[in-house]
>>> print(open('coords.pdb').read())   # PDB, C-alpha atoms, pLDDT in the B column
ATOM      1  CA  LEU A   1      10.903  10.828  -8.775  1.00 64.00           C
ATOM      2  CA  LEU A   2      12.366  13.854 -10.437  1.00 71.00           C
ATOM      3  CA  GLU A   3      12.045  14.243 -14.169  1.00 71.00           C
ATOM      4  CA  ASN A   4      14.779  16.468 -15.600  1.00 83.00           C
ATOM      5  CA  GLY A   5      15.345  17.888 -12.125  1.00 88.00           C
ATOM      6  CA  GLN A   6      11.657  18.764 -11.684  1.00 92.00           C
ATOM      7  CA  PRO A   7       8.836  17.066  -9.743  1.00 93.00           C
ATOM      8  CA  ASN A   8       6.891  14.565 -11.823  1.00 94.00           C
ATOM      9  CA  ALA A   9       3.229  15.203 -12.653  1.00 94.00           C
ATOM     10  CA  LEU A  10       1.936  13.542  -9.484  1.00 96.00           C
ATOM     11  CA  GLN A  11       4.381  15.346  -7.209  1.00 95.00           C
ATOM     12  CA  GLN A  12       3.512  18.668  -8.845  1.00 95.00           C
ATOM     13  CA  ALA A  13      -0.193  17.946  -8.403  1.00 97.00           C
ATOM     14  CA  PHE A  14       0.429  17.309  -4.685  1.00 96.00           C
ATOM     15  CA  ILE A  15       2.148  20.696  -4.507  1.00 95.00           C
ATOM     16  CA  ASP A  16      -0.578  22.472  -6.510  1.00 96.00           C
ATOM     17  CA  GLU A  17      -3.405  20.954  -4.419  1.00 96.00           C
ATOM     18  CA  GLN A  18      -1.481  21.546  -1.164  1.00 94.00           C
ATOM     19  CA  ALA A  19      -1.992  17.862  -0.416  1.00 94.00           C
ATOM     20  CA  ALA A  20       1.119  17.490   1.741  1.00 88.00           C
ATOM     21  CA  GLN A  21       0.373  18.877   5.182  1.00 87.00           C
ATOM     22  CA  CYS A  22       1.965  17.251   8.223  1.00 86.00           C
ATOM     23  CA  GLY A  23       3.949  14.737   6.156  1.00 85.00           C
ATOM     24  CA  TYR A  24       2.841  11.657   8.101  1.00 88.00           C
ATOM     25  CA  CYS A  25       1.197   9.980   5.097  1.00 91.00           C
ATOM     26  CA  THR A  26       2.761  11.817   2.168  1.00 93.00           C
ATOM     27  CA  SER A  27       5.343   9.255   1.092  1.00 93.00           C
ATOM     28  CA  GLY A  28       2.867   6.376   1.283  1.00 95.00           C
ATOM     29  CA  MET A  29       0.201   8.358  -0.549  1.00 96.00           C
ATOM     30  CA  VAL A  30       2.587   9.365  -3.333  1.00 96.00           C
ATOM     31  CA  ILE A  31       3.941   5.831  -3.783  1.00 96.00           C
ATOM     32  CA  THR A  32       0.476   4.268  -3.739  1.00 97.00           C
ATOM     33  CA  ALA A  33      -0.946   6.913  -6.068  1.00 97.00           C
ATOM     34  CA  GLN A  34       1.928   6.517  -8.528  1.00 97.00           C
ATOM     35  CA  ALA A  35       1.433   2.731  -8.542  1.00 97.00           C
ATOM     36  CA  LEU A  36      -2.251   3.307  -9.283  1.00 98.00           C
ATOM     37  CA  LEU A  37      -1.500   5.725 -12.121  1.00 98.00           C
ATOM     38  CA  ASP A  38       1.089   3.324 -13.550  1.00 97.00           C
ATOM     39  CA  THR A  39      -1.549   0.593 -13.827  1.00 97.00           C
ATOM     40  CA  ASN A  40      -4.609   2.793 -14.406  1.00 97.00           C
ATOM     41  CA  PRO A  41      -3.713   6.156 -15.978  1.00 97.00           C
ATOM     42  CA  ASN A  42      -7.310   7.440 -15.835  1.00 97.00           C
ATOM     43  CA  PRO A  43      -8.828   6.295 -12.519  1.00 98.00           C
ATOM     44  CA  SER A  44     -12.220   7.394 -11.269  1.00 98.00           C
ATOM     45  CA  GLU A  45     -12.507   9.132  -7.921  1.00 97.00           C
ATOM     46  CA  ALA A  46     -13.835   5.898  -6.421  1.00 98.00           C
ATOM     47  CA  GLU A  47     -10.825   3.983  -7.741  1.00 98.00           C
ATOM     48  CA  VAL A  48      -8.451   6.568  -6.297  1.00 98.00           C
ATOM     49  CA  ARG A  49     -10.163   6.412  -2.911  1.00 97.00           C
ATOM     50  CA  ALA A  50     -10.092   2.592  -2.938  1.00 97.00           C
ATOM     51  CA  ALA A  51      -6.393   2.530  -3.847  1.00 97.00           C
ATOM     52  CA  LEU A  52      -5.458   4.995  -1.098  1.00 96.00           C
ATOM     53  CA  ASN A  53      -7.697   3.411   1.527  1.00 95.00           C
ATOM     54  CA  GLY A  54      -4.841   1.642   3.308  1.00 92.00           C
ATOM     55  CA  ASN A  55      -2.893   4.856   3.985  1.00 92.00           C
ATOM     56  CA  LEU A  56      -3.536   6.550   7.297  1.00 89.00           C
ATOM     57  CA  CYS A  57      -3.787  10.347   7.123  1.00 88.00           C
ATOM     58  CA  ARG A  58      -3.680  12.132  10.491  1.00 88.00           C
ATOM     59  CA  CYS A  59      -4.310  15.715   9.401  1.00 87.00           C
ATOM     60  CA  GLY A  60      -7.323  15.278   7.139  1.00 86.00           C
ATOM     61  CA  THR A  61      -5.983  16.089   3.681  1.00 90.00           C
ATOM     62  CA  GLN A  62      -7.497  13.006   2.045  1.00 92.00           C
ATOM     63  CA  ASN A  63      -9.729  15.064  -0.244  1.00 94.00           C
ATOM     64  CA  ARG A  64      -6.768  17.146  -1.394  1.00 96.00           C
ATOM     65  CA  VAL A  65      -4.801  13.962  -2.077  1.00 96.00           C
ATOM     66  CA  VAL A  66      -7.654  12.552  -4.157  1.00 97.00           C
ATOM     67  CA  ARG A  67      -7.862  15.827  -6.111  1.00 97.00           C
ATOM     68  CA  ALA A  68      -4.104  15.717  -6.669  1.00 98.00           C
ATOM     69  CA  VAL A  69      -4.238  12.186  -8.088  1.00 98.00           C
ATOM     70  CA  ILE A  70      -7.145  13.086 -10.381  1.00 98.00           C
ATOM     71  CA  ARG A  71      -5.290  16.242 -11.437  1.00 97.00           C
ATOM     72  CA  ALA A  72      -2.154  14.261 -12.274  1.00 97.00           C
ATOM     73  CA  ALA A  73      -4.224  11.734 -14.240  1.00 97.00           C
ATOM     74  CA  GLU A  74      -5.842  14.534 -16.234  1.00 95.00           C
ATOM     75  CA  GLY A  75      -2.446  16.075 -16.933  1.00 88.00           C
ATOM     76  CA  ALA A  76      -3.490  19.429 -15.479  1.00 60.00           C
TER      77      ALA A  76
END
>>> encode(input="coords.pdb", output="structure tokens")
Amino acid sequence: LLENGQPNALQQAFIDEQAAQCGYCTSGMVITAQALLDTNPNPSEAEVRAALNGNLCRCGTQNRVVRAVIRAAEGA
């Protein structure tokens, strides 16, 4: 979702944390993370991990994805 032609906060956090590697899981992670942030704008790390648990990541960037979601929630 672009906002004024720019990535939204979550997408920018994925870019900043280099959370998108091979691309296998990226779309599912972004959609799931955005749904989480829409319902819980300040999730804990455990809540982020639980929400993303159903997405399969092949290249091992799960920790970067979690950091990106936390970063987006904090507005950094």
>>> atom_distance(input="coords.pdb", atom1="CA of Thr39 in chain A", atom2="CA of Leu52 in chain A")
14.0 Å
>>> resolve_selection(input="coords.pdb", expression="the PyMOL selection byres ((chain A and resi 49) around 12)", output="PyMOL selection string")
chain A and resi 29+32-33+36+43-48+50-55+62-70
>>> write_last_selection(input="coords.pdb", atoms="C-alpha atoms", output="mmCIF file, keeping the file's coordinate frame")
data_model
loop_
_atom_site.group_PDB
_atom_site.id
_atom_site.type_symbol
_atom_site.label_atom_id
_atom_site.label_comp_id
_atom_site.auth_asym_id
_atom_site.auth_seq_id
_atom_site.Cartn_x
_atom_site.Cartn_y
_atom_site.Cartn_z
ATOM 1 C CA MET A 29 0.201 8.358 -0.549
ATOM 2 C CA THR A 32 0.476 4.268 -3.739
ATOM 3 C CA ALA A 33 -0.946 6.913 -6.068
ATOM 4 C CA LEU A 36 -2.251 3.307 -9.283
ATOM 5 C CA PRO A 43 -8.828 6.295 -12.519
ATOM 6 C CA SER A 44 -12.220 7.394 -11.269
ATOM 7 C CA GLU A 45 -12.507 9.132 -7.921
ATOM 8 C CA ALA A 46 -13.835 5.898 -6.421
ATOM 9 C CA GLU A 47 -10.825 3.983 -7.741
ATOM 10 C CA VAL A 48 -8.451 6.568 -6.297
ATOM 11 C CA ALA A 50 -10.092 2.592 -2.938
ATOM 12 C CA ALA A 51 -6.393 2.530 -3.847
ATOM 13 C CA LEU A 52 -5.458 4.995 -1.098
ATOM 14 C CA ASN A 53 -7.697 3.411 1.527
ATOM 15 C CA GLY A 54 -4.841 1.642 3.308
ATOM 16 C CA ASN A 55 -2.893 4.856 3.985
ATOM 17 C CA GLN A 62 -7.497 13.006 2.045
ATOM 18 C CA ASN A 63 -9.729 15.064 -0.244
ATOM 19 C CA ARG A 64 -6.768 17.146 -1.394
ATOM 20 C CA VAL A 65 -4.801 13.962 -2.077
ATOM 21 C CA VAL A 66 -7.654 12.552 -4.157
ATOM 22 C CA ARG A 67 -7.862 15.827 -6.111
ATOM 23 C CA ALA A 68 -4.104 15.717 -6.669
ATOM 24 C CA VAL A 69 -4.238 12.186 -8.088
ATOM 25 C CA ILE A 70 -7.145 13.086 -10.381
#
>>> atom_distance(input="coords.pdb", atom1="CA of Leu56 in chain A", atom2="CA of Glu74 in chain A")
25.0 Å
>>> closest_residue(input="coords.pdb", among="A:Leu10, A:Leu2, A:Ala72, A:Cys57", to="Val30 in chain A", atoms="all atoms listed in the file")
A:Leu10
>>> closest_residue(input="coords.pdb", among="A:Ala19, A:Asn4, A:Arg71, A:Arg58", to="Pro41 in chain A", atoms="all atoms listed in the file")
A:Arg71
>>> decode(input="coords.pdb", residues="range 16-27 of chain A", atoms="all heavy atoms", output="compact mmCIF listing (two decimals), in the first residue's frame")
# COMPACT_ATOMS: atom_id res chain seq x y z
N ASP A 16 14.08 -0.84 5.69
CA ASP A 16 15.12 -0.39 6.62
C ASP A 16 15.78 -1.56 7.36
O ASP A 16 16.98 -1.52 7.62
CB ASP A 16 14.53 0.59 7.63
CG ASP A 16 14.09 1.89 6.99
OD1 ASP A 16 14.51 2.18 5.84
OD2 ASP A 16 13.29 2.61 7.62
N GLU A 17 15.00 -2.58 7.70
CA GLU A 17 15.53 -3.75 8.43
C GLU A 17 16.06 -4.82 7.48
O GLU A 17 16.52 -5.86 7.94
CB GLU A 17 14.45 -4.35 9.34
CG GLU A 17 14.04 -3.47 10.49
CD GLU A 17 15.13 -3.29 11.54
OE1 GLU A 17 16.06 -4.14 11.63
OE2 GLU A 17 15.06 -2.29 12.27
N GLN A 18 15.98 -4.57 6.18
CA GLN A 18 16.40 -5.54 5.16
C GLN A 18 15.71 -6.88 5.40
O GLN A 18 16.31 -7.95 5.34
CB GLN A 18 17.91 -5.68 5.14
CG GLN A 18 18.61 -4.40 4.80
CD GLN A 18 20.12 -4.52 4.79
OE1 GLN A 18 20.68 -5.60 4.99
NE2 GLN A 18 20.78 -3.42 4.55
N ALA A 19 14.40 -6.81 5.66
CA ALA A 19 13.63 -7.99 6.00
C ALA A 19 13.20 -8.79 4.77
O ALA A 19 12.82 -9.95 4.92
CB ALA A 19 12.40 -7.60 6.82
N ALA A 20 13.23 -8.20 3.61
CA ALA A 20 12.86 -8.92 2.39
C ALA A 20 14.12 -9.48 1.75
O ALA A 20 14.93 -8.73 1.22
CB ALA A 20 12.13 -7.99 1.44
N GLN A 21 14.28 -10.77 1.79
CA GLN A 21 15.47 -11.39 1.20
C GLN A 21 15.09 -12.11 -0.08
O GLN A 21 15.09 -11.50 -1.13
CB GLN A 21 16.10 -12.36 2.21
CG GLN A 21 16.70 -11.66 3.40
CD GLN A 21 17.99 -10.95 3.06
OE1 GLN A 21 18.82 -11.47 2.34
NE2 GLN A 21 18.16 -9.76 3.55
N CYS A 22 14.72 -13.37 -0.02
CA CYS A 22 14.46 -14.12 -1.24
C CYS A 22 13.09 -13.80 -1.83
O CYS A 22 12.85 -14.03 -3.00
CB CYS A 22 14.59 -15.62 -0.98
SG CYS A 22 13.22 -16.36 -0.06
N GLY A 23 12.18 -13.27 -1.03
CA GLY A 23 10.86 -12.89 -1.52
C GLY A 23 9.80 -13.96 -1.37
O GLY A 23 8.63 -13.71 -1.61
N TYR A 24 10.19 -15.16 -0.97
CA TYR A 24 9.23 -16.27 -0.83
C TYR A 24 8.09 -15.93 0.12
O TYR A 24 6.94 -16.19 -0.17
CB TYR A 24 9.97 -17.53 -0.36
CG TYR A 24 9.10 -18.73 -0.20
CD1 TYR A 24 8.74 -19.50 -1.31
CD2 TYR A 24 8.63 -19.13 1.05
CE1 TYR A 24 7.94 -20.62 -1.17
CE2 TYR A 24 7.83 -20.24 1.18
CZ TYR A 24 7.49 -20.99 0.08
OH TYR A 24 6.70 -22.09 0.23
N CYS A 25 8.40 -15.32 1.26
CA CYS A 25 7.40 -15.08 2.29
C CYS A 25 6.97 -13.62 2.40
O CYS A 25 6.04 -13.30 3.14
CB CYS A 25 7.93 -15.52 3.65
SG CYS A 25 9.25 -14.46 4.30
N THR A 26 7.62 -12.74 1.67
CA THR A 26 7.46 -11.30 1.90
C THR A 26 6.01 -10.85 1.82
O THR A 26 5.53 -10.15 2.72
CB THR A 26 8.33 -10.49 0.94
OG1 THR A 26 9.69 -10.93 1.06
CG2 THR A 26 8.25 -9.01 1.24
N SER A 27 5.30 -11.21 0.79
CA SER A 27 3.92 -10.72 0.66
C SER A 27 3.05 -11.21 1.80
O SER A 27 2.28 -10.44 2.38
CB SER A 27 3.33 -11.12 -0.69
OG SER A 27 3.36 -12.52 -0.85
